[in-house]
Every structure is written in structure tokens, then in C-alpha cells.
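The file final15.txt comes next; it holds compact mmCIF, all heavy atoms.
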# COMPACT_ATOMS: atom_id res chain seq x y z
N MET A 1 148.51 105.21 58.54
CA MET A 1 148.32 103.90 57.96
C MET A 1 148.41 102.86 59.06
O MET A 1 149.30 102.92 59.88
CB MET A 1 149.40 103.62 56.92
CG MET A 1 149.39 104.53 55.71
SD MET A 1 147.97 104.18 54.73
CE MET A 1 147.74 105.71 53.92
N ASP A 2 147.52 101.91 59.01
CA ASP A 2 147.56 100.83 59.99
C ASP A 2 148.72 99.88 59.69
O ASP A 2 149.53 99.60 60.55
CB ASP A 2 146.24 100.07 60.01
CG ASP A 2 145.09 100.92 60.52
OD1 ASP A 2 145.31 101.69 61.47
OD2 ASP A 2 144.00 100.83 59.95
N MET A 3 148.75 99.40 58.46
CA MET A 3 149.86 98.54 58.02
C MET A 3 150.09 98.80 56.54
O MET A 3 149.15 99.06 55.80
CB MET A 3 149.52 97.08 58.24
CG MET A 3 149.54 96.66 59.68
SD MET A 3 149.26 94.89 59.84
CE MET A 3 147.54 94.93 60.37
N ILE A 4 151.33 98.70 56.14
CA ILE A 4 151.69 98.87 54.73
C ILE A 4 152.79 97.87 54.41
O ILE A 4 153.70 97.65 55.21
CB ILE A 4 152.12 100.32 54.43
CG1 ILE A 4 152.31 100.53 52.96
CG2 ILE A 4 153.34 100.71 55.23
CD1 ILE A 4 152.47 101.99 52.57
N THR A 5 152.68 97.22 53.27
CA THR A 5 153.67 96.25 52.84
C THR A 5 153.71 96.27 51.32
O THR A 5 152.94 96.97 50.69
CB THR A 5 153.35 94.84 53.39
OG1 THR A 5 154.44 93.97 53.12
CG2 THR A 5 152.07 94.28 52.81
N MET A 6 154.62 95.51 50.77
CA MET A 6 154.74 95.41 49.31
C MET A 6 154.85 93.94 48.93
O MET A 6 155.24 93.11 49.75
CB MET A 6 155.97 96.16 48.82
CG MET A 6 155.86 97.66 49.02
SD MET A 6 157.26 98.55 48.33
CE MET A 6 156.88 98.44 46.58
N THR A 7 154.51 93.66 47.68
CA THR A 7 154.69 92.30 47.19
C THR A 7 156.19 91.98 47.16
O THR A 7 157.03 92.88 47.19
CB THR A 7 154.08 92.13 45.79
OG1 THR A 7 154.61 93.13 44.92
CG2 THR A 7 152.57 92.24 45.83
N LYS A 8 156.52 90.71 47.10
CA LYS A 8 157.92 90.28 47.11
C LYS A 8 158.68 90.82 45.91
O LYS A 8 158.11 91.05 44.86
CB LYS A 8 158.00 88.75 47.09
CG LYS A 8 157.48 88.10 48.34
CD LYS A 8 157.63 86.60 48.22
CE LYS A 8 157.09 85.92 49.46
NZ LYS A 8 157.21 84.46 49.38
N GLU A 9 159.97 91.01 46.13
CA GLU A 9 160.84 91.41 45.02
C GLU A 9 160.79 90.33 43.95
O GLU A 9 160.68 89.15 44.24
CB GLU A 9 162.28 91.61 45.50
CG GLU A 9 162.46 92.87 46.31
CD GLU A 9 163.94 93.12 46.62
OE1 GLU A 9 164.79 92.91 45.73
OE2 GLU A 9 164.20 93.51 47.75
N GLY A 10 160.87 90.75 42.72
CA GLY A 10 160.83 89.81 41.61
C GLY A 10 159.43 89.63 41.05
O GLY A 10 159.26 89.06 39.98
N ILE A 11 158.42 90.06 41.78
CA ILE A 11 157.05 90.01 41.29
C ILE A 11 156.78 91.33 40.59
O ILE A 11 156.94 92.40 41.17
CB ILE A 11 156.04 89.78 42.42
CG1 ILE A 11 156.28 88.41 43.05
CG2 ILE A 11 154.62 89.92 41.92
CD1 ILE A 11 155.40 88.10 44.24
N HIS A 12 156.40 91.25 39.34
CA HIS A 12 156.17 92.47 38.56
C HIS A 12 154.76 92.48 38.03
O HIS A 12 154.29 91.47 37.55
CB HIS A 12 157.18 92.59 37.42
CG HIS A 12 158.60 92.71 37.92
ND1 HIS A 12 159.07 93.87 38.48
CD2 HIS A 12 159.60 91.82 37.99
CE1 HIS A 12 160.34 93.68 38.84
NE2 HIS A 12 160.68 92.44 38.56
N PRO A 13 154.06 93.55 38.07
CA PRO A 13 154.52 94.79 38.71
C PRO A 13 154.44 94.66 40.22
O PRO A 13 153.57 93.98 40.76
CB PRO A 13 153.53 95.84 38.20
CG PRO A 13 152.27 95.08 37.94
CD PRO A 13 152.71 93.69 37.50
N GLN A 14 155.39 95.31 40.89
CA GLN A 14 155.39 95.29 42.35
C GLN A 14 154.23 96.14 42.84
O GLN A 14 153.93 97.19 42.28
CB GLN A 14 156.70 95.83 42.89
CG GLN A 14 156.89 95.49 44.35
CD GLN A 14 158.32 95.65 44.81
OE1 GLN A 14 159.08 96.36 44.21
NE2 GLN A 14 158.66 94.98 45.89
N LYS A 15 153.55 95.69 43.88
CA LYS A 15 152.37 96.37 44.38
C LYS A 15 152.52 96.73 45.85
O LYS A 15 153.14 96.01 46.62
CB LYS A 15 151.12 95.50 44.20
CG LYS A 15 150.82 95.22 42.75
CD LYS A 15 149.59 94.35 42.61
CE LYS A 15 149.36 94.06 41.13
NZ LYS A 15 148.19 93.21 40.93
N VAL A 16 151.94 97.86 46.21
CA VAL A 16 151.86 98.28 47.60
C VAL A 16 150.54 97.77 48.15
O VAL A 16 149.51 97.86 47.50
CB VAL A 16 151.93 99.82 47.72
CG1 VAL A 16 151.71 100.26 49.16
CG2 VAL A 16 153.26 100.33 47.19
N ILE A 17 150.56 97.21 49.36
CA ILE A 17 149.37 96.68 49.99
C ILE A 17 149.11 97.48 51.27
O ILE A 17 149.98 97.55 52.15
CB ILE A 17 149.53 95.19 50.34
CG1 ILE A 17 149.83 94.40 49.05
CG2 ILE A 17 148.30 94.66 51.06
CD1 ILE A 17 150.31 93.00 49.28
N LEU A 18 147.96 98.13 51.33
CA LEU A 18 147.56 98.90 52.50
C LEU A 18 146.52 98.10 53.27
O LEU A 18 145.56 97.61 52.68
CB LEU A 18 146.99 100.25 52.09
CG LEU A 18 147.88 101.12 51.21
CD1 LEU A 18 147.12 102.37 50.79
CD2 LEU A 18 149.14 101.48 51.93
N ILE A 19 146.70 98.00 54.57
CA ILE A 19 145.77 97.24 55.41
C ILE A 19 145.16 98.18 56.43
O ILE A 19 145.87 98.89 57.15
CB ILE A 19 146.51 96.09 56.13
CG1 ILE A 19 147.16 95.17 55.08
CG2 ILE A 19 145.55 95.32 57.04
CD1 ILE A 19 148.15 94.20 55.65
N ILE A 20 143.84 98.21 56.45
CA ILE A 20 143.13 99.05 57.39
C ILE A 20 142.48 98.16 58.45
O ILE A 20 141.96 97.10 58.13
CB ILE A 20 142.08 99.94 56.68
CG1 ILE A 20 141.49 100.94 57.64
CG2 ILE A 20 141.01 99.11 56.02
CD1 ILE A 20 140.67 102.02 56.97
N THR A 21 142.58 98.59 59.68
CA THR A 21 141.94 97.86 60.77
C THR A 21 140.86 98.75 61.39
O THR A 21 140.92 99.97 61.31
CB THR A 21 142.94 97.46 61.87
OG1 THR A 21 143.50 98.65 62.43
CG2 THR A 21 144.04 96.59 61.31
N ASP A 22 139.89 98.10 61.96
CA ASP A 22 138.79 98.81 62.60
C ASP A 22 138.66 98.31 64.03
O ASP A 22 138.07 97.26 64.28
CB ASP A 22 137.50 98.59 61.82
CG ASP A 22 136.31 99.29 62.42
OD1 ASP A 22 136.49 100.11 63.35
OD2 ASP A 22 135.18 99.02 61.99
N HIS A 23 139.24 99.03 64.95
CA HIS A 23 139.23 98.62 66.36
C HIS A 23 138.12 99.31 67.16
O HIS A 23 137.99 99.10 68.35
CB HIS A 23 140.58 98.91 67.00
CG HIS A 23 140.92 100.38 67.02
ND1 HIS A 23 141.44 101.01 65.91
CD2 HIS A 23 140.78 101.31 67.97
CE1 HIS A 23 141.61 102.29 66.20
NE2 HIS A 23 141.22 102.49 67.44
N PHE A 24 137.34 100.14 66.49
CA PHE A 24 136.28 100.88 67.20
C PHE A 24 135.14 99.94 67.61
O PHE A 24 134.86 98.95 66.94
CB PHE A 24 135.73 102.01 66.33
CG PHE A 24 136.76 103.02 65.93
CD1 PHE A 24 137.05 103.22 64.59
CD2 PHE A 24 137.45 103.76 66.88
CE1 PHE A 24 138.01 104.15 64.20
CE2 PHE A 24 138.40 104.69 66.50
CZ PHE A 24 138.68 104.88 65.16
N ASN A 25 134.49 100.28 68.69
CA ASN A 25 133.41 99.48 69.24
C ASN A 25 132.12 99.70 68.43
O ASN A 25 131.59 100.80 68.39
CB ASN A 25 133.20 99.86 70.70
CG ASN A 25 132.12 99.05 71.37
OD1 ASN A 25 131.49 98.20 70.76
ND2 ASN A 25 131.90 99.32 72.64
N TRP A 26 131.61 98.63 67.82
CA TRP A 26 130.36 98.73 67.06
C TRP A 26 129.15 98.82 67.98
O TRP A 26 128.05 99.13 67.54
CB TRP A 26 130.21 97.54 66.12
CG TRP A 26 131.05 97.68 64.90
CD1 TRP A 26 132.29 97.14 64.69
CD2 TRP A 26 130.74 98.41 63.71
NE1 TRP A 26 132.77 97.51 63.46
CE2 TRP A 26 131.83 98.28 62.83
CE3 TRP A 26 129.65 99.18 63.31
CZ2 TRP A 26 131.85 98.88 61.58
CZ3 TRP A 26 129.68 99.77 62.05
CH2 TRP A 26 130.77 99.62 61.20
N GLU A 27 129.32 98.54 69.26
CA GLU A 27 128.22 98.62 70.22
C GLU A 27 127.94 100.06 70.64
O GLU A 27 126.88 100.38 71.15
CB GLU A 27 128.54 97.79 71.47
CG GLU A 27 128.81 96.32 71.19
CD GLU A 27 127.55 95.57 70.78
OE1 GLU A 27 126.49 95.85 71.32
OE2 GLU A 27 127.67 94.70 69.88
N ALA A 28 128.89 100.93 70.45
CA ALA A 28 128.76 102.34 70.85
C ALA A 28 127.99 103.12 69.78
O ALA A 28 127.31 102.55 68.94
CB ALA A 28 130.14 102.93 71.09
N ASP A 29 128.15 104.41 69.76
CA ASP A 29 127.47 105.30 68.82
C ASP A 29 127.86 104.95 67.39
O ASP A 29 128.99 105.20 66.96
CB ASP A 29 127.83 106.75 69.15
CG ASP A 29 127.16 107.76 68.25
OD1 ASP A 29 126.37 107.35 67.37
OD2 ASP A 29 127.42 108.97 68.43
N ILE A 30 126.93 104.38 66.64
CA ILE A 30 127.21 103.92 65.28
C ILE A 30 127.58 105.07 64.35
O ILE A 30 128.45 104.92 63.50
CB ILE A 30 126.02 103.09 64.71
CG1 ILE A 30 126.40 102.43 63.39
CG2 ILE A 30 124.80 103.95 64.51
CD1 ILE A 30 127.23 101.22 63.55
N ASN A 31 126.95 106.21 64.51
CA ASN A 31 127.26 107.35 63.65
C ASN A 31 128.68 107.85 63.87
O ASN A 31 129.38 108.17 62.91
CB ASN A 31 126.26 108.49 63.86
CG ASN A 31 124.89 108.14 63.32
OD1 ASN A 31 124.76 107.43 62.32
ND2 ASN A 31 123.85 108.61 63.99
N GLU A 32 129.12 107.89 65.11
CA GLU A 32 130.50 108.30 65.41
C GLU A 32 131.48 107.28 64.85
O GLU A 32 132.52 107.63 64.30
CB GLU A 32 130.69 108.45 66.93
CG GLU A 32 132.06 108.91 67.34
CD GLU A 32 132.39 110.34 66.89
OE1 GLU A 32 131.46 111.13 66.61
OE2 GLU A 32 133.59 110.66 66.81
N HIS A 33 131.15 106.02 64.99
CA HIS A 33 132.00 104.95 64.46
C HIS A 33 132.16 105.10 62.95
O HIS A 33 133.27 105.05 62.42
CB HIS A 33 131.38 103.60 64.79
CG HIS A 33 132.21 102.42 64.38
ND1 HIS A 33 132.42 101.35 65.20
CD2 HIS A 33 132.87 102.14 63.25
CE1 HIS A 33 133.18 100.46 64.58
NE2 HIS A 33 133.46 100.92 63.39
N LEU A 34 131.06 105.24 62.25
CA LEU A 34 131.10 105.38 60.80
C LEU A 34 131.86 106.63 60.37
O LEU A 34 132.59 106.62 59.38
CB LEU A 34 129.68 105.38 60.22
CG LEU A 34 128.95 104.03 60.33
CD1 LEU A 34 127.50 104.19 59.90
CD2 LEU A 34 129.65 102.96 59.52
N PHE A 35 131.70 107.71 61.12
CA PHE A 35 132.41 108.95 60.81
C PHE A 35 133.92 108.75 60.93
O PHE A 35 134.69 109.14 60.06
CB PHE A 35 131.94 110.09 61.71
CG PHE A 35 132.65 111.38 61.46
CD1 PHE A 35 132.35 112.14 60.33
CD2 PHE A 35 133.62 111.84 62.33
CE1 PHE A 35 133.01 113.33 60.08
CE2 PHE A 35 134.28 113.03 62.09
CZ PHE A 35 133.98 113.77 60.96
N LYS A 36 134.36 108.09 62.01
CA LYS A 36 135.79 107.84 62.20
C LYS A 36 136.33 106.91 61.12
O LYS A 36 137.44 107.11 60.62
CB LYS A 36 136.04 107.26 63.59
CG LYS A 36 135.88 108.27 64.69
CD LYS A 36 136.13 107.66 66.05
CE LYS A 36 135.96 108.71 67.14
NZ LYS A 36 136.19 108.14 68.47
N LEU A 37 135.55 105.91 60.75
CA LEU A 37 135.96 105.00 59.69
C LEU A 37 136.05 105.74 58.36
O LEU A 37 136.99 105.53 57.59
CB LEU A 37 134.96 103.85 59.60
CG LEU A 37 135.37 102.59 58.87
CD1 LEU A 37 136.68 102.04 59.39
CD2 LEU A 37 134.27 101.56 58.96
N GLN A 38 135.12 106.62 58.08
CA GLN A 38 135.15 107.42 56.86
C GLN A 38 136.39 108.32 56.84
O GLN A 38 137.06 108.45 55.81
CB GLN A 38 133.89 108.28 56.75
CG GLN A 38 133.86 109.13 55.50
CD GLN A 38 132.60 109.97 55.42
OE1 GLN A 38 131.76 109.95 56.30
NE2 GLN A 38 132.48 110.73 54.35
N GLU A 39 136.72 108.94 57.97
CA GLU A 39 137.92 109.78 58.04
C GLU A 39 139.17 108.96 57.74
O GLU A 39 140.07 109.42 57.05
CB GLU A 39 138.04 110.41 59.43
CG GLU A 39 137.09 111.55 59.68
CD GLU A 39 137.30 112.18 61.03
OE1 GLU A 39 137.57 111.44 62.02
OE2 GLU A 39 137.21 113.41 61.11
N LYS A 40 139.22 107.76 58.29
CA LYS A 40 140.36 106.88 58.08
C LYS A 40 140.49 106.52 56.60
O LYS A 40 141.58 106.57 56.03
CB LYS A 40 140.18 105.62 58.93
CG LYS A 40 141.40 104.81 59.15
CD LYS A 40 141.08 103.67 60.11
CE LYS A 40 142.28 103.26 60.88
NZ LYS A 40 142.04 102.11 61.74
N LEU A 41 139.39 106.15 55.97
CA LEU A 41 139.40 105.81 54.55
C LEU A 41 139.79 107.01 53.69
O LEU A 41 140.55 106.88 52.73
CB LEU A 41 138.05 105.27 54.12
CG LEU A 41 137.71 103.88 54.65
CD1 LEU A 41 136.25 103.56 54.39
CD2 LEU A 41 138.61 102.83 54.04
N ASN A 42 139.28 108.18 54.04
CA ASN A 42 139.64 109.40 53.30
C ASN A 42 141.13 109.69 53.40
O ASN A 42 141.75 110.13 52.43
CB ASN A 42 138.83 110.60 53.79
CG ASN A 42 137.38 110.54 53.36
OD1 ASN A 42 137.04 109.85 52.41
ND2 ASN A 42 136.52 111.24 54.06
N LEU A 43 141.72 109.43 54.56
CA LEU A 43 143.16 109.61 54.72
C LEU A 43 143.93 108.65 53.82
O LEU A 43 144.88 109.03 53.14
CB LEU A 43 143.57 109.42 56.18
CG LEU A 43 145.06 109.49 56.46
CD1 LEU A 43 145.62 110.87 56.10
CD2 LEU A 43 145.34 109.18 57.91
N TYR A 44 143.52 107.39 53.80
CA TYR A 44 144.14 106.41 52.92
C TYR A 44 144.09 106.87 51.48
O TYR A 44 145.07 106.82 50.75
CB TYR A 44 143.43 105.06 53.04
CG TYR A 44 144.00 104.12 54.07
CD1 TYR A 44 144.20 104.53 55.37
CD2 TYR A 44 144.30 102.81 53.74
CE1 TYR A 44 144.70 103.66 56.31
CE2 TYR A 44 144.79 101.93 54.68
CZ TYR A 44 145.00 102.36 55.96
OH TYR A 44 145.50 101.49 56.88
N ILE A 45 142.92 107.30 51.05
CA ILE A 45 142.73 107.74 49.66
C ILE A 45 143.62 108.94 49.35
O ILE A 45 144.24 109.00 48.29
CB ILE A 45 141.25 108.05 49.39
CG1 ILE A 45 140.45 106.74 49.42
CG2 ILE A 45 141.06 108.76 48.05
CD1 ILE A 45 138.96 106.92 49.49
N SER A 46 143.72 109.88 50.28
CA SER A 46 144.56 111.06 50.02
C SER A 46 146.03 110.69 49.91
O SER A 46 146.76 111.26 49.09
CB SER A 46 144.34 112.13 51.10
OG SER A 46 144.85 111.73 52.34
N VAL A 47 146.48 109.74 50.70
CA VAL A 47 147.88 109.28 50.60
C VAL A 47 148.13 108.60 49.27
O VAL A 47 149.14 108.85 48.61
CB VAL A 47 148.24 108.33 51.78
CG1 VAL A 47 149.57 107.66 51.55
CG2 VAL A 47 148.25 109.10 53.09
N ILE A 48 147.19 107.77 48.84
CA ILE A 48 147.33 107.08 47.55
C ILE A 48 147.36 108.10 46.42
O ILE A 48 148.21 108.05 45.53
CB ILE A 48 146.19 106.08 47.35
CG1 ILE A 48 146.33 104.92 48.35
CG2 ILE A 48 146.16 105.55 45.92
CD1 ILE A 48 145.11 104.05 48.47
N GLU A 49 146.44 109.04 46.44
CA GLU A 49 146.36 110.05 45.38
C GLU A 49 147.59 110.96 45.35
O GLU A 49 147.99 111.42 44.29
CB GLU A 49 145.10 110.89 45.53
CG GLU A 49 143.84 110.12 45.21
CD GLU A 49 142.57 110.91 45.43
OE1 GLU A 49 142.58 111.91 46.18
OE2 GLU A 49 141.55 110.52 44.83
N SER A 50 148.19 111.21 46.51
CA SER A 50 149.38 112.07 46.57
C SER A 50 150.64 111.37 46.08
O SER A 50 151.66 111.99 45.86
CB SER A 50 149.61 112.58 47.99
OG SER A 50 150.10 111.53 48.81
N LYS A 51 150.56 110.04 45.96
CA LYS A 51 151.70 109.20 45.55
C LYS A 51 152.86 109.29 46.54
O LYS A 51 154.00 109.07 46.18
CB LYS A 51 152.15 109.54 44.13
CG LYS A 51 151.05 109.30 43.11
CD LYS A 51 151.48 109.64 41.73
CE LYS A 51 150.31 109.42 40.79
NZ LYS A 51 150.58 109.89 39.45
N ASN A 52 152.55 109.62 47.79
CA ASN A 52 153.57 109.70 48.86
C ASN A 52 153.46 108.53 49.82
O ASN A 52 153.55 108.69 51.02
CB ASN A 52 153.40 111.01 49.64
CG ASN A 52 153.83 112.21 48.83
OD1 ASN A 52 154.78 112.14 48.07
ND2 ASN A 52 153.12 113.31 48.98
N ILE A 53 153.29 107.34 49.28
CA ILE A 53 153.13 106.17 50.14
C ILE A 53 154.41 105.89 50.90
O ILE A 53 154.39 105.53 52.05
CB ILE A 53 152.66 104.96 49.31
CG1 ILE A 53 151.25 105.21 48.80
CG2 ILE A 53 152.72 103.69 50.13
CD1 ILE A 53 150.70 104.15 47.92
N PHE A 54 155.56 106.09 50.27
CA PHE A 54 156.84 105.87 50.95
C PHE A 54 157.62 107.14 50.99
O PHE A 54 157.63 107.95 50.16
CB PHE A 54 157.67 104.79 50.26
CG PHE A 54 157.07 103.43 50.42
CD1 PHE A 54 156.37 102.83 49.39
CD2 PHE A 54 157.18 102.75 51.62
CE1 PHE A 54 155.83 101.57 49.54
CE2 PHE A 54 156.64 101.50 51.78
CZ PHE A 54 155.96 100.90 50.74

Could I get this file's structure written as C-alpha cells?
Amino acid sequence: MDMITMTKEGIHPQKVILIITDHFNWEADINEHLFKLQEKLNLYISVIESKNIF
């Protein structure tokens, strides 16, 4: 995970906020860039689905 945070206490329902960053060079091989971005998104989705965020 690039960044993970939660809404403030007292806010209901409390929510987890996942932040993804993309530091890859868009000037380079676009297919490789998109593949790495897809892998990153798939990892995020698998963590969310597993309910093991914390």
C-alpha cells in the first residue's frame, strides 16, 4: 500500500482510505507501465477483499 488512513474518530461509519501513487515514467514503455499499474491495483483489490487492511 502506498498510503492508508482512516476517517476521524467520531465519524460513523468510519472508513478506510487507500491512496495509490503512480511514480512510473509515462515516457517509457507504456505497456510495461500499464502492467505495473494493473498489478498494483490488483494487489489493492486483493487486500480489500481479504479484509486484512489492518

Completion exercise
Of A:Phe35, A:Glu9, A:Asp2, A:Leu43, the one sitting nearest His23 of chain A when using all heavy atoms is A:Asp2

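Across the structure, atom CA of Ile17 of chain A and atom CA of Lys51 of chain A are spaced 13.5 Å apart.
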
Exercise for the section: List every residue of chain A that DSSP, applied to the backbone of this structure, places in strand (DSSP E or B), and write the result as a list in words. Expected result: Met3, Ile4, Thr5, Met6, Val16, Ile17, Leu18 and Ile19 of chain A

How would the residues just chosen look if you wrote them out with all heavy atoms as a PDB file, in the coordinates of the input?
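Listed below is the output, part-v4.pdb:
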ATOM      1  N   MET A   3     148.750  99.400  58.460  1.00  0.00           N
ATOM      2  CA  MET A   3     149.860  98.540  58.020  1.00  0.00           C
ATOM      3  C   MET A   3     150.090  98.800  56.540  1.00  0.00           C
ATOM      4  O   MET A   3     149.150  99.060  55.800  1.00  0.00           O
ATOM      5  CB  MET A   3     149.520  97.080  58.240  1.00  0.00           C
ATOM      6  CG  MET A   3     149.540  96.660  59.680  1.00  0.00           C
ATOM      7  SD  MET A   3     149.260  94.890  59.840  1.00  0.00           S
ATOM      8  CE  MET A   3     147.540  94.930  60.370  1.00  0.00           C
ATOM      9  N   ILE A   4     151.330  98.700  56.140  1.00  0.00           N
ATOM     10  CA  ILE A   4     151.690  98.870  54.730  1.00  0.00           C
ATOM     11  C   ILE A   4     152.790  97.870  54.410  1.00  0.00           C
ATOM     12  O   ILE A   4     153.700  97.650  55.210  1.00  0.00           O
ATOM     13  CB  ILE A   4     152.120 100.320  54.430  1.00  0.00           C
ATOM     14  CG1 ILE A   4     152.310 100.530  52.960  1.00  0.00           C
ATOM     15  CG2 ILE A   4     153.340 100.710  55.230  1.00  0.00           C
ATOM     16  CD1 ILE A   4     152.470 101.990  52.570  1.00  0.00           C
ATOM     17  N   THR A   5     152.680  97.220  53.270  1.00  0.00           N
ATOM     18  CA  THR A   5     153.670  96.250  52.840  1.00  0.00           C
ATOM     19  C   THR A   5     153.710  96.270  51.320  1.00  0.00           C
ATOM     20  O   THR A   5     152.940  96.970  50.690  1.00  0.00           O
ATOM     21  CB  THR A   5     153.350  94.840  53.390  1.00  0.00           C
ATOM     22  OG1 THR A   5     154.440  93.970  53.120  1.00  0.00           O
ATOM     23  CG2 THR A   5     152.070  94.280  52.810  1.00  0.00           C
ATOM     24  N   MET A   6     154.620  95.510  50.770  1.00  0.00           N
ATOM     25  CA  MET A   6     154.740  95.410  49.310  1.00  0.00           C
ATOM     26  C   MET A   6     154.850  93.940  48.930  1.00  0.00           C
ATOM     27  O   MET A   6     155.240  93.110  49.750  1.00  0.00           O
ATOM     28  CB  MET A   6     155.970  96.160  48.820  1.00  0.00           C
ATOM     29  CG  MET A   6     155.860  97.660  49.020  1.00  0.00           C
ATOM     30  SD  MET A   6     157.260  98.550  48.330  1.00  0.00           S
ATOM     31  CE  MET A   6     156.880  98.440  46.580  1.00  0.00           C
ATOM     32  N   VAL A  16     151.940  97.860  46.210  1.00  0.00           N
ATOM     33  CA  VAL A  16     151.860  98.280  47.600  1.00  0.00           C
ATOM     34  C   VAL A  16     150.540  97.770  48.150  1.00  0.00           C
ATOM     35  O   VAL A  16     149.510  97.860  47.500  1.00  0.00           O
ATOM     36  CB  VAL A  16     151.930  99.820  47.720  1.00  0.00           C
ATOM     37  CG1 VAL A  16     151.710 100.260  49.160  1.00  0.00           C
ATOM     38  CG2 VAL A  16     153.260 100.330  47.190  1.00  0.00           C
ATOM     39  N   ILE A  17     150.560  97.210  49.360  1.00  0.00           N
ATOM     40  CA  ILE A  17     149.370  96.680  49.990  1.00  0.00           C
ATOM     41  C   ILE A  17     149.110  97.480  51.270  1.00  0.00           C
ATOM     42  O   ILE A  17     149.980  97.550  52.150  1.00  0.00           O
ATOM     43  CB  ILE A  17     149.530  95.190  50.340  1.00  0.00           C
ATOM     44  CG1 ILE A  17     149.830  94.400  49.050  1.00  0.00           C
ATOM     45  CG2 ILE A  17     148.300  94.660  51.060  1.00  0.00           C
ATOM     46  CD1 ILE A  17     150.310  93.000  49.280  1.00  0.00           C
ATOM     47  N   LEU A  18     147.960  98.130  51.330  1.00  0.00           N
ATOM     48  CA  LEU A  18     147.560  98.900  52.500  1.00  0.00           C
ATOM     49  C   LEU A  18     146.520  98.100  53.270  1.00  0.00           C
ATOM     50  O   LEU A  18     145.560  97.610  52.680  1.00  0.00           O
ATOM     51  CB  LEU A  18     146.990 100.250  52.090  1.00  0.00           C
ATOM     52  CG  LEU A  18     147.880 101.120  51.210  1.00  0.00           C
ATOM     53  CD1 LEU A  18     147.120 102.370  50.790  1.00  0.00           C
ATOM     54  CD2 LEU A  18     149.140 101.480  51.930  1.00  0.00           C
ATOM     55  N   ILE A  19     146.700  98.000  54.570  1.00  0.00           N
ATOM     56  CA  ILE A  19     145.770  97.240  55.410  1.00  0.00           C
ATOM     57  C   ILE A  19     145.160  98.180  56.430  1.00  0.00           C
ATOM     58  O   ILE A  19     145.870  98.890  57.150  1.00  0.00           O
ATOM     59  CB  ILE A  19     146.510  96.090  56.130  1.00  0.00           C
ATOM     60  CG1 ILE A  19     147.160  95.170  55.080  1.00  0.00           C
ATOM     61  CG2 ILE A  19     145.550  95.320  57.040  1.00  0.00           C
ATOM     62  CD1 ILE A  19     148.150  94.200  55.650  1.00  0.00           C
TER      63      ILE A  19
END

Compile the contact shell of Tyr44 of chain A as a tab-separated table (two decimals) with all heavy atoms, in the coordinates of the input: residues with an atom at most 9 Å away, counting only C-alpha atoms, same-chain residues fewer than 5 positions apart removed.
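Written output follows (out_1.tsv):
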chain	number	residue	atom	x	y	z
A	1	MET	N	148.51	105.21	58.54
A	1	MET	CA	148.32	103.90	57.96
A	1	MET	C	148.41	102.86	59.06
A	1	MET	O	149.30	102.92	59.88
A	1	MET	CB	149.40	103.62	56.92
A	1	MET	CG	149.39	104.53	55.71
A	1	MET	SD	147.97	104.18	54.73
A	1	MET	CE	147.74	105.71	53.92
A	18	LEU	N	147.96	98.13	51.33
A	18	LEU	CA	147.56	98.90	52.50
A	18	LEU	C	146.52	98.10	53.27
A	18	LEU	O	145.56	97.61	52.68
A	18	LEU	CB	146.99	100.25	52.09
A	18	LEU	CG	147.88	101.12	51.21
A	18	LEU	CD1	147.12	102.37	50.79
A	18	LEU	CD2	149.14	101.48	51.93
A	20	ILE	N	143.84	98.21	56.45
A	20	ILE	CA	143.13	99.05	57.39
A	20	ILE	C	142.48	98.16	58.45
A	20	ILE	O	141.96	97.10	58.13
A	20	ILE	CB	142.08	99.94	56.68
A	20	ILE	CG1	141.49	100.94	57.64
A	20	ILE	CG2	141.01	99.11	56.02
A	20	ILE	CD1	140.67	102.02	56.97
A	39	GLU	N	136.72	108.94	57.97
A	39	GLU	CA	137.92	109.78	58.04
A	39	GLU	C	139.17	108.96	57.74
A	39	GLU	O	140.07	109.42	57.05
A	39	GLU	CB	138.04	110.41	59.43
A	39	GLU	CG	137.09	111.55	59.68
A	39	GLU	CD	137.30	112.18	61.03
A	39	GLU	OE1	137.57	111.44	62.02
A	39	GLU	OE2	137.21	113.41	61.11
A	49	GLU	N	146.44	109.04	46.44
A	49	GLU	CA	146.36	110.05	45.38
A	49	GLU	C	147.59	110.96	45.35
A	49	GLU	O	147.99	111.42	44.29
A	49	GLU	CB	145.10	110.89	45.53
A	49	GLU	CG	143.84	110.12	45.21
A	49	GLU	CD	142.57	110.91	45.43
A	49	GLU	OE1	142.58	111.91	46.18
A	49	GLU	OE2	141.55	110.52	44.83

Practice task
Any chance you could list, as a list in words, the residues in chain A that come up helix (DSSP H, G or I) when DSSP is run on the backbone?
Solution key: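 Reading the DSSP output for chain A, helix (DSSP H, G or I) covers Ile30, Asn31, Glu32, His33, Leu34, Phe35, Lys36, Leu37, Gln38, Glu39, Lys40, Leu41, Asn42, Leu43, Tyr44, Ile45, Ser46, Val47, Ile48, Glu49 and Ser50 of chain A.
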
Handout entry: Distance in Å - atom OG of Ser50 of chain A versus atom CA of Val16 of chain A
Key =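 Here the two named atoms are 13.4 Å from each other.
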
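Excluding Asp22 of chain A itself and any same-chain residue fewer than 6 positions from it, the protein and nucleic acid residues within 6 Å of it, counting all atoms listed in the file, are Asp2, His33, Leu37 and Lys40 of chain A.
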
Take the residues just selected and output them with all heavy atoms as a compact mmCIF listing (two decimals), in the coordinates of the input.
# COMPACT_ATOMS: atom_id res chain seq x y z
N ASP A 2 147.52 101.91 59.01
CA ASP A 2 147.56 100.83 59.99
C ASP A 2 148.72 99.88 59.69
O ASP A 2 149.53 99.60 60.55
CB ASP A 2 146.24 100.07 60.01
CG ASP A 2 145.09 100.92 60.52
OD1 ASP A 2 145.31 101.69 61.47
OD2 ASP A 2 144.00 100.83 59.95
N HIS A 33 131.15 106.02 64.99
CA HIS A 33 132.00 104.95 64.46
C HIS A 33 132.16 105.10 62.95
O HIS A 33 133.27 105.05 62.42
CB HIS A 33 131.38 103.60 64.79
CG HIS A 33 132.21 102.42 64.38
ND1 HIS A 33 132.42 101.35 65.20
CD2 HIS A 33 132.87 102.14 63.25
CE1 HIS A 33 133.18 100.46 64.58
NE2 HIS A 33 133.46 100.92 63.39
N LEU A 37 135.55 105.91 60.75
CA LEU A 37 135.96 105.00 59.69
C LEU A 37 136.05 105.74 58.36
O LEU A 37 136.99 105.53 57.59
CB LEU A 37 134.96 103.85 59.60
CG LEU A 37 135.37 102.59 58.87
CD1 LEU A 37 136.68 102.04 59.39
CD2 LEU A 37 134.27 101.56 58.96
N LYS A 40 139.22 107.76 58.29
CA LYS A 40 140.36 106.88 58.08
C LYS A 40 140.49 106.52 56.60
O LYS A 40 141.58 106.57 56.03
CB LYS A 40 140.18 105.62 58.93
CG LYS A 40 141.40 104.81 59.15
CD LYS A 40 141.08 103.67 60.11
CE LYS A 40 142.28 103.26 60.88
NZ LYS A 40 142.04 102.11 61.74
